[in-house]
Structure formats: structure tokens, C-alpha cells
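Below is the file final-v9.txt, which contains compact mmCIF, C-alpha atoms.
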```txt
# COMPACT_ATOMS: atom_id res chain seq x y z
CA MET L 1 -54.90 12.39 -23.63
CA LYS L 2 -57.29 9.70 -24.80
CA ASN L 3 -55.33 7.04 -22.88
CA VAL L 4 -55.21 9.20 -19.75
CA PHE L 5 -58.99 9.74 -19.90
CA ILE L 6 -59.63 6.00 -20.23
CA ALA L 7 -57.34 5.26 -17.27
CA LEU L 8 -59.11 7.81 -15.07
CA PHE L 9 -62.53 6.44 -16.10
CA VAL L 10 -61.53 2.88 -15.21
CA ALA L 11 -60.10 3.97 -11.84
CA ALA L 12 -63.22 5.96 -10.99
CA SER L 13 -65.43 3.02 -11.92
CA PHE L 14 -63.39 0.70 -9.70
CA ILE L 15 -63.64 3.06 -6.72
CA GLY L 16 -67.37 3.55 -7.27
CA CYS L 17 -68.00 -0.21 -7.36
CA LYS L 18 -65.81 -1.05 -4.37
CA LYS L 19 -67.76 -3.17 -1.87
CA ASP L 20 -67.90 -2.24 1.80
CA ASP L 21 -65.80 -4.29 4.19
CA PRO L 22 -68.29 -6.91 5.44
CA GLN L 23 -66.79 -6.59 8.93
CA GLU L 24 -68.10 -3.03 9.14
CA ASP L 25 -71.68 -4.31 9.01
CA VAL L 26 -71.35 -7.00 11.68
CA PRO L 27 -73.08 -5.92 14.92
CA GLU L 28 -71.16 -6.32 18.16
CA ALA L 29 -71.93 -9.49 20.12
CA ARG L 30 -73.93 -8.83 23.27
CA LEU L 31 -74.53 -10.44 26.65
CA ILE L 32 -78.29 -10.48 27.32
CA PHE L 33 -80.10 -11.27 30.57
CA LYS L 34 -83.74 -12.40 30.84
CA PHE L 35 -86.09 -13.52 33.63
CA VAL L 36 -88.32 -16.60 33.68
CA PHE L 37 -90.38 -17.97 36.59
CA ASP L 38 -90.63 -21.68 37.39
CA GLU L 39 -93.12 -23.08 39.90
CA ASP L 40 -91.55 -26.56 39.60
CA GLN L 41 -88.00 -25.45 40.42
CA VAL L 42 -86.60 -26.57 43.78
CA ARG L 43 -87.77 -24.52 46.77
CA TYR L 44 -84.74 -23.41 48.83
CA ASP L 45 -84.28 -21.61 52.12
CA SER L 46 -81.89 -18.69 52.61
CA PHE L 47 -78.91 -21.08 52.95
CA GLY L 48 -79.55 -22.93 49.69
CA GLN L 49 -81.06 -26.00 51.36
CA GLU L 50 -84.29 -27.60 50.15
CA SER L 51 -87.16 -26.23 52.18
CA SER L 52 -90.79 -27.08 52.92
CA VAL L 53 -93.53 -24.82 54.26
CA PRO L 54 -93.31 -24.59 58.09
CA ASP L 55 -96.06 -25.90 60.33
CA GLY L 56 -98.73 -23.29 60.91
CA HIS L 57 -97.99 -21.64 57.57
CA ALA L 58 -99.33 -22.16 54.05
CA ALA L 59 -98.07 -21.03 50.66
CA GLN L 60 -98.85 -20.93 46.95
CA SER L 61 -96.94 -20.47 43.70
CA PRO L 62 -97.87 -17.05 42.29
CA ARG L 63 -98.41 -16.25 38.60
CA PHE L 64 -95.89 -13.58 37.71
CA ASN L 65 -96.62 -10.41 35.74
CA SER L 66 -93.34 -8.54 36.17
CA MET L 67 -90.07 -8.32 38.06
CA SER L 68 -87.45 -5.63 38.62
CA ALA L 69 -83.88 -5.85 39.90
CA HIS L 70 -81.23 -3.22 40.63
CA TYR L 71 -77.89 -5.07 40.80
CA LEU L 72 -76.08 -7.71 38.73
CA GLU L 73 -72.69 -9.28 39.37
CA LEU L 74 -70.85 -12.27 37.95
CA SER L 75 -68.72 -13.95 40.62
CA PRO L 76 -65.71 -16.17 39.80
CA ASN L 77 -65.94 -18.45 42.85
CA ALA L 78 -67.46 -18.97 46.29
CA GLN L 79 -64.66 -17.03 47.98
CA THR L 80 -65.30 -13.86 45.97
CA TRP L 81 -66.75 -11.21 48.26
CA LEU L 82 -69.76 -9.27 47.15
CA GLY L 83 -68.62 -6.43 44.91
CA ASP L 84 -65.27 -8.01 44.05
CA GLY L 85 -66.63 -9.89 41.01
CA GLU L 86 -67.61 -8.42 37.66
CA VAL L 87 -70.28 -5.86 38.56
CA LEU L 88 -72.31 -5.32 35.40
CA TYR L 89 -75.16 -3.19 36.66
CA GLU L 90 -76.17 -0.99 39.60
CA GLY L 91 -79.58 0.64 39.37
CA PRO L 92 -80.39 4.28 40.19
CA THR L 93 -80.83 5.32 43.81
CA THR L 94 -82.19 8.48 45.43
CA PHE L 95 -82.14 10.35 48.74
CA ALA L 96 -85.60 11.83 48.15
CA GLY L 97 -87.02 9.86 51.10
CA GLY L 98 -84.11 10.58 53.47
CA ASP L 99 -81.88 7.50 53.51
CA GLU L 100 -80.47 6.20 50.23
CA ALA L 101 -83.01 3.99 48.50
CA ILE L 102 -83.77 2.33 45.17
CA ASP L 103 -85.52 4.82 42.89
CA PHE L 104 -88.68 2.97 41.86
CA ASP L 105 -89.53 5.64 39.28
CA GLN L 106 -86.49 4.53 37.28
CA ALA L 107 -86.94 0.78 37.76
CA LYS L 108 -87.30 -1.36 34.64
CA LEU L 109 -90.21 -3.79 35.00
CA VAL L 110 -89.69 -6.98 33.00
CA SER L 111 -92.40 -9.47 32.04
CA PRO L 112 -91.71 -13.25 32.00
CA GLY L 113 -89.23 -14.05 29.22
CA GLY L 114 -88.55 -10.37 28.61
CA GLN L 115 -85.09 -8.86 28.26
CA TRP L 116 -83.81 -7.19 31.40
CA LEU L 117 -80.29 -6.05 30.48
CA SER L 118 -77.96 -6.14 27.48
CA PHE L 119 -74.24 -5.34 27.33
CA PRO L 120 -71.54 -5.55 24.64
CA ILE L 121 -69.58 -8.69 25.48
CA SER L 122 -66.41 -6.66 24.92
CA SER L 123 -67.29 -4.66 28.06
CA VAL L 124 -67.22 -7.79 30.25
CA GLN L 125 -63.94 -8.91 31.83
CA PRO L 126 -62.89 -12.24 30.28
CA GLY L 127 -62.82 -15.10 32.76
CA ASP L 128 -64.69 -18.03 34.28
CA TYR L 129 -67.68 -17.28 36.48
CA GLU L 130 -69.39 -19.79 38.79
CA PHE L 131 -72.16 -17.59 40.21
CA ALA L 132 -74.60 -14.87 39.22
CA ARG L 133 -75.76 -12.46 41.92
CA VAL L 134 -78.92 -10.43 41.35
CA SER L 135 -80.56 -8.04 43.77
CA LEU L 136 -84.31 -8.31 43.19
CA SER L 137 -86.31 -5.22 44.10
CA TYR L 138 -89.94 -5.48 42.97
CA GLN L 139 -92.35 -8.20 41.92
CA ASN L 140 -95.93 -8.19 40.67
CA PHE L 141 -98.01 -11.37 40.50
CA ASP L 142 -101.50 -12.82 40.69
CA ILE L 143 -102.63 -15.05 43.54
CA ASP L 144 -105.71 -16.94 44.71
CA PHE L 145 -107.53 -16.15 47.95
CA LEU L 146 -110.71 -16.97 49.81
CA ALA L 147 -113.23 -14.36 50.96
CA GLN L 148 -116.81 -14.80 52.16
CA GLY L 149 -116.75 -18.39 51.01
CA MET L 150 -115.72 -17.49 47.44
CA ASP L 151 -112.52 -18.39 45.60
CA LEU L 152 -111.18 -15.17 44.08
CA GLU L 153 -108.08 -13.78 42.38
CA ALA L 154 -106.02 -10.74 43.28
CA THR L 155 -102.90 -8.92 42.12
CA PHE L 156 -100.07 -8.52 44.59
CA ALA L 157 -97.18 -6.03 44.37
CA GLY L 158 -94.20 -6.67 46.65
CA PHE L 159 -91.14 -4.49 47.26
CA ILE L 160 -88.28 -6.76 48.28
CA GLY L 161 -85.26 -4.48 47.87
CA TYR L 162 -83.39 -3.27 50.95
CA ASN L 163 -85.11 0.14 50.80
CA THR L 164 -87.19 1.70 48.01
CA TYR L 165 -88.35 5.26 47.46
CA ILE L 166 -91.83 5.11 45.93
CA ASN L 167 -93.73 8.10 44.58
CA SER L 168 -96.59 5.86 43.51
CA TYR L 169 -97.15 2.46 41.94
CA THR L 170 -99.95 0.63 40.17
CA ILE L 171 -100.87 -2.81 41.53
CA ASN L 172 -103.26 -3.87 38.75
CA GLU L 173 -105.50 -0.95 37.88
CA GLU L 174 -105.36 0.99 41.13
CA GLU L 175 -102.60 3.55 41.70
CA VAL L 176 -101.21 3.78 45.24
CA ALA L 177 -99.55 7.03 46.38
CA VAL L 178 -96.68 6.55 48.84
CA ASN L 179 -94.12 9.40 48.54
CA GLU L 180 -91.67 7.88 51.00
CA ASN L 181 -89.13 5.13 51.55
CA LYS L 182 -90.36 1.59 52.19
CA LEU L 183 -88.19 -1.18 53.63
CA GLN L 184 -88.08 -4.74 52.33
CA GLY L 185 -91.44 -6.48 52.67
CA TYR L 186 -93.82 -3.62 51.85
CA TRP L 187 -96.74 -4.80 49.71
CA GLY L 188 -100.03 -3.86 48.05
CA PHE L 189 -102.98 -6.19 47.36
CA GLU L 190 -105.76 -5.38 44.86
CA THR L 191 -108.98 -7.15 43.95
CA LEU L 192 -112.28 -5.97 42.47
CA GLY L 193 -111.03 -2.38 42.27
CA GLN L 194 -110.12 -2.20 45.98
CA TYR L 195 -106.69 -2.39 47.56
CA VAL L 196 -104.97 -2.71 50.90
CA THR L 197 -101.28 -2.36 51.80
CA GLY L 198 -99.12 -3.99 54.44
CA GLN L 199 -95.63 -4.79 55.64
CA ALA L 200 -94.07 -8.23 56.12
CA PRO L 201 -91.91 -8.64 59.26
CA ALA L 202 -88.31 -7.46 59.08
CA GLY L 203 -85.95 -10.26 58.06
CA ALA L 204 -88.77 -12.59 57.01
CA THR L 205 -88.15 -12.41 53.25
CA THR L 206 -86.23 -15.45 52.02
CA VAL L 207 -83.07 -14.55 50.08
CA VAL L 208 -81.26 -17.63 48.74
CA ASN L 209 -77.48 -17.54 49.08
CA PRO L 210 -75.83 -20.99 48.87
CA ILE L 211 -72.39 -19.44 49.55
CA TRP L 212 -73.51 -17.61 52.69
CA ASP L 213 -70.60 -18.96 54.74
CA SER L 214 -67.86 -17.71 52.40
CA SER L 215 -69.54 -14.71 50.73
CA PRO L 216 -72.37 -13.28 52.86
CA ILE L 217 -74.85 -10.61 51.77
CA PRO L 218 -76.04 -7.52 53.69
CA ALA L 219 -78.99 -8.05 56.03
CA GLY L 220 -82.26 -6.80 54.57
CA SER L 221 -81.14 -7.06 50.96
CA CYS L 222 -82.65 -9.37 48.36
CA LEU L 223 -79.39 -10.30 46.69
CA VAL L 224 -80.09 -13.78 45.32
CA THR L 225 -77.12 -15.97 44.38
CA GLY L 226 -77.44 -18.58 41.64
CA VAL L 227 -74.97 -21.28 40.56
CA PHE L 228 -74.20 -21.81 36.87
CA GLU L 229 -74.59 -25.46 35.88
CA GLU L 230 -70.97 -25.27 34.74
CA PRO L 231 -68.58 -22.29 34.90
CA PHE L 232 -69.67 -19.53 32.53
CA THR L 233 -66.73 -18.49 30.38
CA ILE L 234 -66.18 -15.16 28.66
CA THR L 235 -63.19 -15.30 26.29
CA GLY L 236 -63.42 -11.82 24.82
CA ASN L 237 -63.49 -13.32 21.32
CA GLU L 238 -67.23 -13.99 21.09
CA THR L 239 -68.93 -13.16 17.79
CA ASP L 240 -72.48 -14.25 18.66
CA ASP L 241 -74.87 -13.00 21.32
CA ILE L 242 -75.03 -14.93 24.58
CA ILE L 243 -78.34 -15.11 26.44
CA VAL L 244 -78.35 -15.82 30.17
CA THR L 245 -81.83 -16.74 31.37
CA LEU L 246 -82.25 -16.20 35.10
CA SER L 247 -84.71 -18.93 36.07
CA LEU L 248 -86.34 -17.95 39.37
CA SER L 249 -88.04 -20.48 41.62
CA VAL L 250 -91.55 -19.34 42.59
CA ASN L 251 -92.33 -22.72 44.12
CA GLN L 252 -94.70 -21.79 47.01
CA SER L 253 -92.90 -18.46 47.29
CA PHE L 254 -95.98 -16.56 48.58
CA GLU L 255 -96.34 -17.61 52.21
CA TRP L 256 -98.67 -16.64 55.04
CA VAL L 257 -99.55 -17.60 58.61
CA GLU L 258 -102.62 -19.85 58.72
CA VAL L 259 -105.61 -18.97 60.90
CA ASN L 260 -108.00 -21.40 59.25
CA GLU L 261 -105.92 -24.43 58.35
CA ASP L 262 -107.32 -25.02 54.88
CA GLY L 263 -104.32 -24.10 52.72
CA LYS L 264 -106.13 -21.06 51.31
CA TYR L 265 -105.06 -17.46 51.80
CA GLU L 266 -107.79 -15.68 53.78
CA PRO L 267 -106.86 -12.05 54.50
CA GLU L 268 -110.30 -11.38 56.06
CA ALA L 269 -109.49 -13.99 58.69
CA GLY L 270 -106.29 -12.14 59.61
CA GLU L 271 -103.88 -14.44 57.76
CA ALA L 272 -100.73 -12.32 57.54
CA VAL L 273 -98.19 -12.44 54.70
CA VAL L 274 -94.78 -13.38 56.10
CA ASP L 275 -92.66 -14.22 53.06
CA MET L 276 -92.63 -13.34 49.37
CA GLY L 277 -89.00 -14.12 48.62
CA ILE L 278 -87.88 -15.93 45.47
CA ARG L 279 -86.91 -19.51 46.34
CA GLY L 280 -83.80 -19.89 44.23
CA MET L 281 -82.18 -18.92 40.95
CA ILE L 282 -80.51 -20.92 38.20
CA PRO L 283 -78.63 -18.94 35.52
CA LEU L 284 -78.99 -20.82 32.21
CA VAL L 285 -76.67 -20.01 29.30
CA ASP L 286 -77.86 -20.17 25.71
```
Would you mind writing the file out in C-alpha cells?
Amino acid sequence: MKNVFIALFVAASFIGCKKDDPQEDVPEARLIFKFVFDEDQVRYDSFGQESSVPDGHAAQSPRFNSMSAHYLELSPNAQTWLGDGEVLYEGPTTFAGGDEAIDFDQAKLVSPGGQWLSFPISSVQPGDYEFARVSLSYQNFDIDFLAQGMDLEATFAGFIGYNTYINSYTINEEEVAVNENKLQGYWGFETLGQYVTGQAPAGATTVVNPIWDSSPIPAGSCLVTGVFEEPFTITGNETDDIIVTLSLSVNQSFEWVEVNEDGKYEPEAGEAVVDMGIRGMIPLVD
């Protein structure tokens, strides 16, 4: 009996001291997407060609506070039609305003350098991807303007998705009640505790798509296409997180029609906003 007792004691001690499998404590590798804004990045037109500000217009590079987007797809090549790539995210929509629209109440607003989305890498189809496609929906930034001979600052909120249902939104400190759908180009402008709203012309928002001839996007959307510097490969065997930083060109992205040709935005003079579209996107892999 003594020998049996000793054997049981040793076995129990061994079981009690058994170390956990270290693999059980290893978190799953994730694919993480972030936004940054670069005023020095190349300024493109909708076809992915370098672009300057047209005659009779002026523009400035805004200082971004936040951005929201409602669609993300990785595309293998230039011949891949929209929706046929690896669709990683589609944001919530609603019919509260009649037609289907982006639900702004459920939008995630991301500050510069902040994390937008995160997925387990195991949920992504292994393969090589040449393009990232992101449908931008909302942006909030600060701009400079001229009024009554004074240089001032204001906060600008722009809705650039195809259609957005908005209960209300806050520009800087002022809340604006809407309670309806707004098409691409709706905006709010706030300074010194006062605000005004407006609507850019239909089709005027620049949406950069360098593969427009082989993989077009729907009219009125803000589905920006960016080219990886080299094909982005998912093997399915990754053990470390991968961060994809979506670097957005804000190089003179806020554009208006000049009344007084001084290069300064003067809303009191009737200078109308015509374009607030992002001027390109480079997906950078870390």
C-alpha cells in the first residue's frame, strides 16, 4: 500500500505541475487597416492621372479630424470586377430615408493613424492582391477661409458616399439635424458657433480609380482604388499581425470656384465648393 500511495502522489504532482501548451496562449494573427492623410502625396484625377487645379478654381489641403468608410475589398488584378475580389467589409445600410443608404448612425469615425478595421488573417482568402478598394463615406476636417478681411478657420463635414441616411451629425460643436437621405456631396460648415450646409454638384466629387477602363465603379460612389507598391500576399500561414496603412492624398482636395482670384476660400463672396474628393490612395503594408 505504501508503494501505491507514493506512486499516486508522484502522478498527482506531475499532473498538477504540467505546463500549459504555449500554443494555446498565442493570439491569432490579424489583418489591421488604418487611415493616414498626406498633403504631399500626388494629386490625381478620377482616372489616376496627375492633376492640377483647373483655371477659375482654387483649392487647399485640409487638416483631417476623422474619416469613415463603408466598404473594403482586396482585388487580385486590374481585370477583377468590383465585388469579385476578396470583400472584407460592407457597412450597415438602412431604408429609413426611402432608398437604401449608408446608415451614418452606425458609421465608425477614425482619426488620423487610428485603426479602422481588424480581421483574423485566417478569415482572408490566401492569394496575391494588387489593389485595395475602399468606399469612403464621410470626412471631417479643418480649413482656412477669408471673411470680412480676416483669415479664419472652420470645420467642414462632407458626406461623400453614394447616399447616406443622417439623423444628425456634429460638425465641430454644433449638431445639425437632417433626418433624411443625402446624396454624395452634402456638407456642413461651422465657424464661431455658426453653421451653414450645402450640396456640391452631382458627379463633381473626384473618385480616383486607375483601373477605370477594366474595372469601373458605379456612378456617384466614392469607391477609391489604390495600388499596392508590390502585390500583397496572404499565405494563410501568418503568425504575426499585418498592418495595412491606407495613405490618402489630401493634396488640394478641398476645391471651390473662385470669385475673387486670391486663392482664398471666401464663402461670403459666393465661392461655391465643387469638390472634396480624396486625391488618391496608396495601401502600405507593414
Mind pulling up the distance from CA of Leu136 in chain L to CA of Trp116 in chain L?
11.9 Å
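Put simply, CA of Val285 in chain L is 24.3 Å away from CA of Ser253 in chain L.
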In terms of the shortest atom-to-atom distance over only C-alpha atoms, which of L:Arg279, L:Thr235, L:Glu255, L:Gly270 is closest to Glu50 in chain L?
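For Glu50 in chain L, the nearest of the candidates is L:Arg279.
Closest approach to Asp45 in chain L among L:Pro112, L:Pro210, L:Pro267, L:Gly149: L:Pro210, based on only C-alpha atoms.
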Let me make sure I understand: among L:Tyr44, L:Tyr138, L:Phe232, L:Phe145, which one has the smallest atom-to-atom distance to Asn251 in chain L if we use all atoms listed in the file?
L:Tyr44
Residues within 6 Å of Ser135 in chain L, please, as a ChimeraX atom specification. Count only C-alpha atoms; anything in the same chain fewer than 6 positions from it doesn't count.
/L:69-71,222-224
Please, what distance in Å, to one decimal, runs between CA of Asp128 in chain L and CA of Met281 in chain L?
18.7 Å
Would you mind telling me which residue in L:Ala29, L:Ile160, L:Ala147, L:Ile102 lies nearest to Val207 in chain L when using all atoms listed in the file?
L:Ile160
So that all listed atoms of range 160-167 of chain L fit with 6 Å spare on each side, what axis-aligned box centre and edge lengths in Å, to one decimal, would you give as lines of an AutoDock Vina configuration file?
```
center_x = -88.6
center_y = 0.7
center_z = 47.8
size_x = 22.3
size_y = 26.9
size_z = 18.4
```
Contacts of range 260-262 of chain L at 9 Å or less, counting all atoms listed in the file, minus same-chain residues fewer than 3 places along, as a PyMOL selection string?
chain L and resi 56-58+265-266+269+271
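In terms of minimum interatomic distance to Leu183 in chain L, L:Ala101 ranks closest within L:Ala101, L:Leu109, L:Ile211, L:Val244, counting all atoms listed in the file.
Nearest to Gly220 in chain L of all the residues L:Gly188, L:Asn163, L:Val259, L:Val196 is L:Asn163, counting only C-alpha atoms.
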For Val208 in chain L, work out the shell of residues within 6 Å, counting only C-alpha atoms and skipping chain neighbours fewer than 3 positions away, then give it as a list in words.
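In the requested format, the answer is Ser46, Phe47, Gly48, Val224 and Gly280 of chain L.
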Around the point (-98.9, -21.9, 37.3) in the file's coordinates, collect all residues with an atom within 7 Å, using only C-alpha atoms, and return them as a PyMOL selection string.
chain L and resi 39+61+63
Output of the above residues as a PDB file, in the coordinates of the input, restricted to C-alpha atoms:
```pdb
ATOM      1  CA  GLU L  39     -93.120 -23.080  39.900  1.00  0.00           C
ATOM      2  CA  SER L  61     -96.940 -20.470  43.700  1.00  0.00           C
ATOM      3  CA  ARG L  63     -98.410 -16.250  38.600  1.00  0.00           C
TER       4      ARG L  63
END
```
Within 7 Å of Phe119 in chain L, counting all atoms listed in the file, which residues show up once you throw out same-chain ones fewer than 3 positions away? Write them as a list in words, please.
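My list of contacting residues is Arg30, Leu31 and Ile32 of chain L.
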Expected answer as a ChimeraX atom specification: all residues with atoms within 8 Å of (-98.6, -11.5, 46.8), all atoms listed in the file
/L:62,140-143,155-158,187-189,254,273,276
